[in-house]
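First the structure, in the form of structure tokens, and then the observations on it.
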Amino acid sequence: MSTQPIRPDQTGVTGEEFELFRPEHEELRAQVRAFVEKELLPNAREWERDEAFPKEVFRRVGELGFFGMKYPEEVGGSGPDFLADAVVTEELAGCGSAGVSASLGAHKDLASLYVFNFGTPEQHSRWLVPSLEGSVVGALGVTEPDAGSDVAAIRTSARRDGDDWVINGSKIFITNGAWADYVVVAAKTDPDAGYKGITLFVVDTDTPGFSSSKMRMLGWRSGATGELSFADVRVPDANRLGDVGSGFYAIMQNFAWERLVMALAQSSGAQRTYEIAKQYALDRSAFGRPVGKFQVWRHRFADLATRIEAGRALTYHALRLYLSGENPIREVAMAKYYTSEVAFLAADECMQIHGGHGYTVEFPAERALRDARLGPIGGGTTEIMKDIIGKTYGL
Amino acid sequence: MAWPFSEEHEQLRKSIRDLVEREFAPHADEWEAASDFPDWVFTKLGEAGLLGLSYPEEYGGAGGDYLCNIVLAEEMGRCNSGGVTMAVAVQTDMAVPPVYKFGTEEQKQRYLVPAIKGEKIFCLGITEPNAGSDVAGIETTATKVDGGWVINGRKIFITNGRRAHAITLVAKTDRDAGHAGVTLFVLDTDTPGFEVSRTLEKIGMHTSDTAELTFTDMFVPDDAVLGKVGEGFYNISWELQGERLVGAAGTIAGSRRLLDGVIAYAKERSTFGKPIGKHQAIRHAIAEMATEIEAAQQLVYTAAWKVNRGQYPVREISMAKLQTGVVAWKVADKALQIFGGHGYSMEFPIQRAWRDARLIRIGGGTDEVMREVIGRIEGL
């Protein structure tokens, strides 16, 4: 039997190529981080208190080019470089407010990406180009009061009327929904065709019949999560995104990337929460020494750091598979589920180490905990992720 | 082929798998029943070149990279006997690497070359009744005499201890010097004064011989010192990294195989009119197992990749060791639950996997020691 010896110099692969991120990505990381630390983090508390942040933030992010990493130059992007987009996602997640980072993310990875993936060149110039500039804000409207991950069950309808479509129905939990300039809407164009009867439309929010209101939620308060209402909203056929009946497939096709960026954001957010908790554990003393130097806490931090690192490794694994052209449904679902559970654990530990202070709004722990609670719910619950994973094994 | 492996690693994987499934796996039940396995396992692996994958060719090695050792650890588990896997790992990644790393040319010729051939089986003597991961707390002494050292003391839980031809041994050469008073030795077990006082019965890892060793006025010459006198603590700390990472790699590969078995069973076995895997509670349990395994697996690969690049990632290795142990135990217990009565029966191998898996959270540094290491690196 031959054992095929391998020498490092014969594999033809250097360490740099094995590494996921290249030096230019690390430069980008430093740029995004500098922006986050200078322009977002110092405002996070105020924005959360006011339950709103300025729309101008979109324009700043657009100006800096951070929305355009995964798009080609002809639509105003600087890519396509999905790794660069991943870096932007990781760093924006450190802005100290899930409301802000999720709003930017929903714009970058939901609304804009749908327009890019399924739109015509004309639709690209109408909605995608200004989206990447940050001059308009987009939202994706799929979820309804009675249908979330069960996309085929949506009830919002679009009826053909001459050259137009008339949309009726409602959407809920729509990130950016309360202040978006346009919404990519999933509607039933054939109520009898099940998932094959779903079509996507882009609706400008100044169209008559469209209205929205901001929802009050446990966390993500600085964001503009909205409830949308469509009452005879008339849009021309030119606003149809993709073929009639192709909406369900489009939504399924986009899931991999949107859940992947959620996992990246959760990992990165968990790391930030961990750092806040650890700093407090070192600053705060009890019985003559920093709380973090007590063995129980040292071990709890060790467990938490291990799970955060495992989540990151799992997410990078899914990212690698995605970048190699696969559609890693299983690994993406694993990463989304694992990292959002870890991020919630991190926030809970952060509150616990802060003790009474953690329970007050003077410290960031309570907000971290409220914000992190959405992770196992949004973008497909943990239960949905487990169902998906199980099904990939034929169960 | 998946990161961090190359096409060559996958070819190596296939050849190891073929050998292990052909030569060892058919004997697993027999060896388990006998609580022993024959020494020819080592010579068979040595002949195939698998005991020296990453050592230079001049010593009979294959000249490969570190990831080859990870591949071996992952595939050895297909022999279906945790004790055999562990015995081989002690040879390839625990007891012998210090001889290569710290040994003189003469020591390498005398110990490394036959170890790679599988002719000289090694054990590693660190743990004592009163000291394990607290290496500086060991009580076995080596006292300087003319021309050599006289060693007295005891070691316990020593894998391969009964069958070993040679031992890499940790002893105190200066009782008052703490960490700096620890020295490594390498010697043959037929040295007068070396005695296997007993072998230990264990809850699992039955094929592995786990021994207690006693050294009574055991004289070794000066050239039995491995590395420099007083540097043993640092050298064995280095050894422990390889031991933990290869343990983690083998462990999680075992969990993955166990999961494959669980999934197959969940499709075959029906209750209330459908396969149990189609019941959502079981589907979700399996999804949880698979996710935990994949996350721990990627942690192992991240650490291994860093080692392969010449880094010394103690933090990531400790995390990989901790997480794989925790996950392997959780997975084994869930597997036993899903197999139900069959899981609890001695006629099925699930209980063996369950018993074997419990060691991982103890051997090579307990969960608690790993958390201590990680927490301190984190500045706590």
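Following the order of the structure tokens, first chain is A, next is B, and so on, with residues numbered from 1 inside each chain and ligands from 1 in the order they appear.
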
Enumerate the residues of segment 81-157 of chain B with a DSSP assignment of alpha helix (DSSP H), computed from the backbone, and present them as a PDB file with C-alpha atoms, in the first residue's frame.
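For reference, states.pdb as written:
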```
ATOM      1  CA  GLY B  82     -11.628   3.197  20.768  1.00  0.00           C
ATOM      2  CA  GLY B  83      -8.847   1.455  22.640  1.00  0.00           C
ATOM      3  CA  VAL B  84      -6.974   0.561  19.458  1.00  0.00           C
ATOM      4  CA  THR B  85      -7.347   4.077  18.088  1.00  0.00           C
ATOM      5  CA  MET B  86      -6.049   5.527  21.303  1.00  0.00           C
ATOM      6  CA  ALA B  87      -3.109   3.132  21.487  1.00  0.00           C
ATOM      7  CA  VAL B  88      -2.018   4.124  18.000  1.00  0.00           C
ATOM      8  CA  ALA B  89      -2.451   7.829  18.729  1.00  0.00           C
ATOM      9  CA  VAL B  90      -0.177   7.474  21.753  1.00  0.00           C
ATOM     10  CA  PRO B  97       6.983  13.232  18.833  1.00  0.00           C
ATOM     11  CA  PRO B  98       9.145  14.460  21.752  1.00  0.00           C
ATOM     12  CA  VAL B  99      11.850  12.003  20.651  1.00  0.00           C
ATOM     13  CA  TYR B 100      11.866  13.573  17.206  1.00  0.00           C
ATOM     14  CA  LYS B 101      11.536  17.140  18.454  1.00  0.00           C
ATOM     15  CA  PHE B 102      13.969  17.066  21.385  1.00  0.00           C
ATOM     16  CA  GLU B 105      20.567  11.885  16.585  1.00  0.00           C
ATOM     17  CA  GLU B 106      21.487   8.772  18.518  1.00  0.00           C
ATOM     18  CA  GLN B 107      18.133   8.743  20.335  1.00  0.00           C
ATOM     19  CA  VAL B 113      13.296   4.695  13.648  1.00  0.00           C
ATOM     20  CA  PRO B 114      11.890   1.497  15.245  1.00  0.00           C
ATOM     21  CA  ALA B 115       8.840   3.408  16.517  1.00  0.00           C
ATOM     22  CA  ILE B 116       8.003   4.415  12.952  1.00  0.00           C
ATOM     23  CA  LYS B 117       8.352   0.775  11.884  1.00  0.00           C
TER      24      LYS B 117
END
```

Produce a table with one row for each residue of chain B that has an atom at most 8 Å from any atom of chain A, each row naming the nearest atom pair and its distance in Å at one decimal; use only C-alpha atoms; arrange rows by chain and rising residue number; format as a tab-separated table.
```
residue	atom	partner	partner_atom	distance
B:Trp3	CA	A:Phe18	CA	7.6
B:Pro4	CA	A:Phe18	CA	6.9
B:Ser6	CA	A:Thr11	CA	6.8
B:Glu8	CA	A:Ile6	CA	6.6
B:His9	CA	A:Ile6	CA	7.4
B:Gln11	CA	A:Gln4	CA	7.2
B:Leu12	CA	A:Thr3	CA	5.6
B:Ser15	CA	A:Thr3	CA	6.7
B:Ile16	CA	A:Thr3	CA	7.9
B:Ala48	CA	A:Met1	CA	6.0
B:Gly49	CA	A:Thr3	CA	6.6
B:Leu50	CA	A:Thr3	CA	7.3
B:Leu53	CA	A:Pro5	CA	7.1
B:Ala62	CA	A:Pro5	CA	5.2
B:Gly63	CA	A:Pro5	CA	6.0
B:Gly64	CA	A:Ile6	CA	4.2
B:Asp65	CA	A:Arg7	CA	5.7
B:Cys68	CA	A:Ile6	CA	7.8
B:Ile263	CA	A:Tyr393	CA	7.4
B:Ala266	CA	A:Leu395	CA	7.9
B:Lys267	CA	A:Leu395	CA	7.2
B:Gly277	CA	A:Leu395	CA	5.2
B:Lys278	CA	A:Leu395	CA	5.2
B:Gln280	CA	A:Asp387	CA	7.6
B:Arg283	CA	A:Gly390	CA	5.2
B:His284	CA	A:Lys386	CA	5.3
B:Ile286	CA	A:Gly390	CA	6.6
B:Ala287	CA	A:Gly390	CA	5.2
B:Glu288	CA	A:Lys386	CA	7.0
B:Thr291	CA	A:Met334	CA	5.4
B:Glu292	CA	A:Tyr338	CA	7.9
B:Glu294	CA	A:Leu314	CA	6.6
B:Ala295	CA	A:Leu314	CA	4.8
B:Ala296	CA	A:Ala310	CA	5.9
B:Gln298	CA	A:Ala313	CA	5.2
B:Leu299	CA	A:Ala310	CA	5.2
B:Thr302	CA	A:Ala313	CA	7.0
B:Arg309	CA	A:Gly15	CA	6.6
B:Met319	CA	A:Thr306	CA	5.3
B:Ala320	CA	A:Thr306	CA	7.9
B:Gln323	CA	A:Thr306	CA	7.1
B:Glu368	CA	A:His299	CA	7.4
B:Arg371	CA	A:His299	CA	5.0
B:Glu372	CA	A:His299	CA	6.3
B:Ile374	CA	A:Ala302	CA	5.4
B:Gly375	CA	A:Ala302	CA	4.9
B:Arg376	CA	A:Arg298	CA	7.5
B:Glu378	CA	A:Ala302	CA	7.7
B:Leu380	CA	A:Lys293	CA	5.1
```

Inset, instruction - For Val332 of chain A, list every protein, DNA or RNA residue within 7 Å, evaluated using only C-alpha atoms, and leave out those in the same chain fewer than 3 positions away; present the list as a ChimeraX atom specification. - result: /A:256,259-260,318,328-329,335-336

Legend entry - Who sits within 7 Å of segment 157-168 of chain B, only C-alpha atoms, same chain under 6 positions skipped, as a VMD selection string: chain B and resid 87 95 120 to 125 127 184 to 189 196 208 to 212

Just want the 9 Å neighbourhood of segment 352-365 of chain A, counted on only C-alpha atoms, with same-chain residues fewer than 3 positions away dropped. Output as a tab-separated table (two decimals) with C-alpha atoms, in the first residue's frame.
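After the write, out-v6.tsv holds the following:
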```tsv
chain	number	residue	atom	x	y	z
A	45	ARG	CA	-27.30	54.50	22.82
A	96	GLY	CA	-23.69	48.43	19.10
A	273	THR	CA	-20.92	41.09	23.63
A	276	ILE	CA	-18.05	43.81	26.89
A	277	ALA	CA	-18.81	41.10	29.43
A	278	LYS	CA	-15.15	40.22	29.89
A	280	TYR	CA	-16.72	44.22	33.07
A	281	ALA	CA	-15.58	40.96	34.69
A	284	ARG	CA	-15.59	44.76	38.76
A	291	VAL	CA	-15.16	38.80	39.36
A	292	GLY	CA	-13.73	37.26	36.18
A	297	TRP	CA	-16.59	32.78	35.76
A	347	ALA	CA	-25.92	38.21	25.87
A	348	ASP	CA	-27.40	36.28	28.77
A	349	GLU	CA	-23.96	35.69	30.28
A	368	ALA	CA	-27.80	43.14	23.99
A	369	LEU	CA	-30.04	40.52	25.54
A	370	ARG	CA	-33.23	41.96	24.04
```

Legend entry - Between atom CA of Gly247 of chain B and atom CA of Leu336 of chain B, distance in Å (one decimal): 22.1 Å

Legend entry - Close residues, Gly343 of chain B itself excluded, 10 Å, only C-alpha atoms, min 6 positions apart in chain, as a list in words: Ala332, Asp333, Lys334, Ala335, Leu336, Gln337, Pro349, Ile350, Gln351, Arg352, Ala353 and Trp354 of chain B

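Among the candidates A:Glu326, A:Asp164, A:Asp206, A:Asp181, the residue lying nearest to Ser131 of chain A is A:Asp181 (atoms considered: only C-alpha atoms).
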
Legend entry - d(atom CA of Asp223 of chain B, atom CA of Leu112 of chain B) in Å: 14.7 Å

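Excluding segment 27-31 of chain A itself and any same-chain residue fewer than 4 positions from it, the protein and nucleic acid residues within 7 Å of it, counting only C-alpha atoms, are Pro23, Phe35, Val87, Val88 and Glu91 of chain A.
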
Inset, instruction - Kindly indicate which residue among A:Leu64, A:Leu241, A:Ala86, A:Leu319 lies nearest to Asn117 of chain A, using only C-alpha atoms for the distances. - result: A:Leu241

Inset, instruction - Counting only C-alpha atoms, figure out which residue out of B:Gly254, B:Pro221, B:Gly147, B:Gly60 gets nearest to Gln297 of chain B. - result: B:Gly254

Legend entry - Atom-to-atom span, atom CA of Thr43 of chain B and atom CA of Arg22 of chain B, Å: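 For atom CA of Thr43 of chain B relative to atom CA of Arg22 of chain B, the distance reads 15.2 Å.
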
Inset, instruction - Report the residues of segment 213-298 of chain B whose backbone DSSP state falls under strand (DSSP E), written as a PyMOL selection string. - result: chain B and resi 213-221+225-226+270-271+274-275
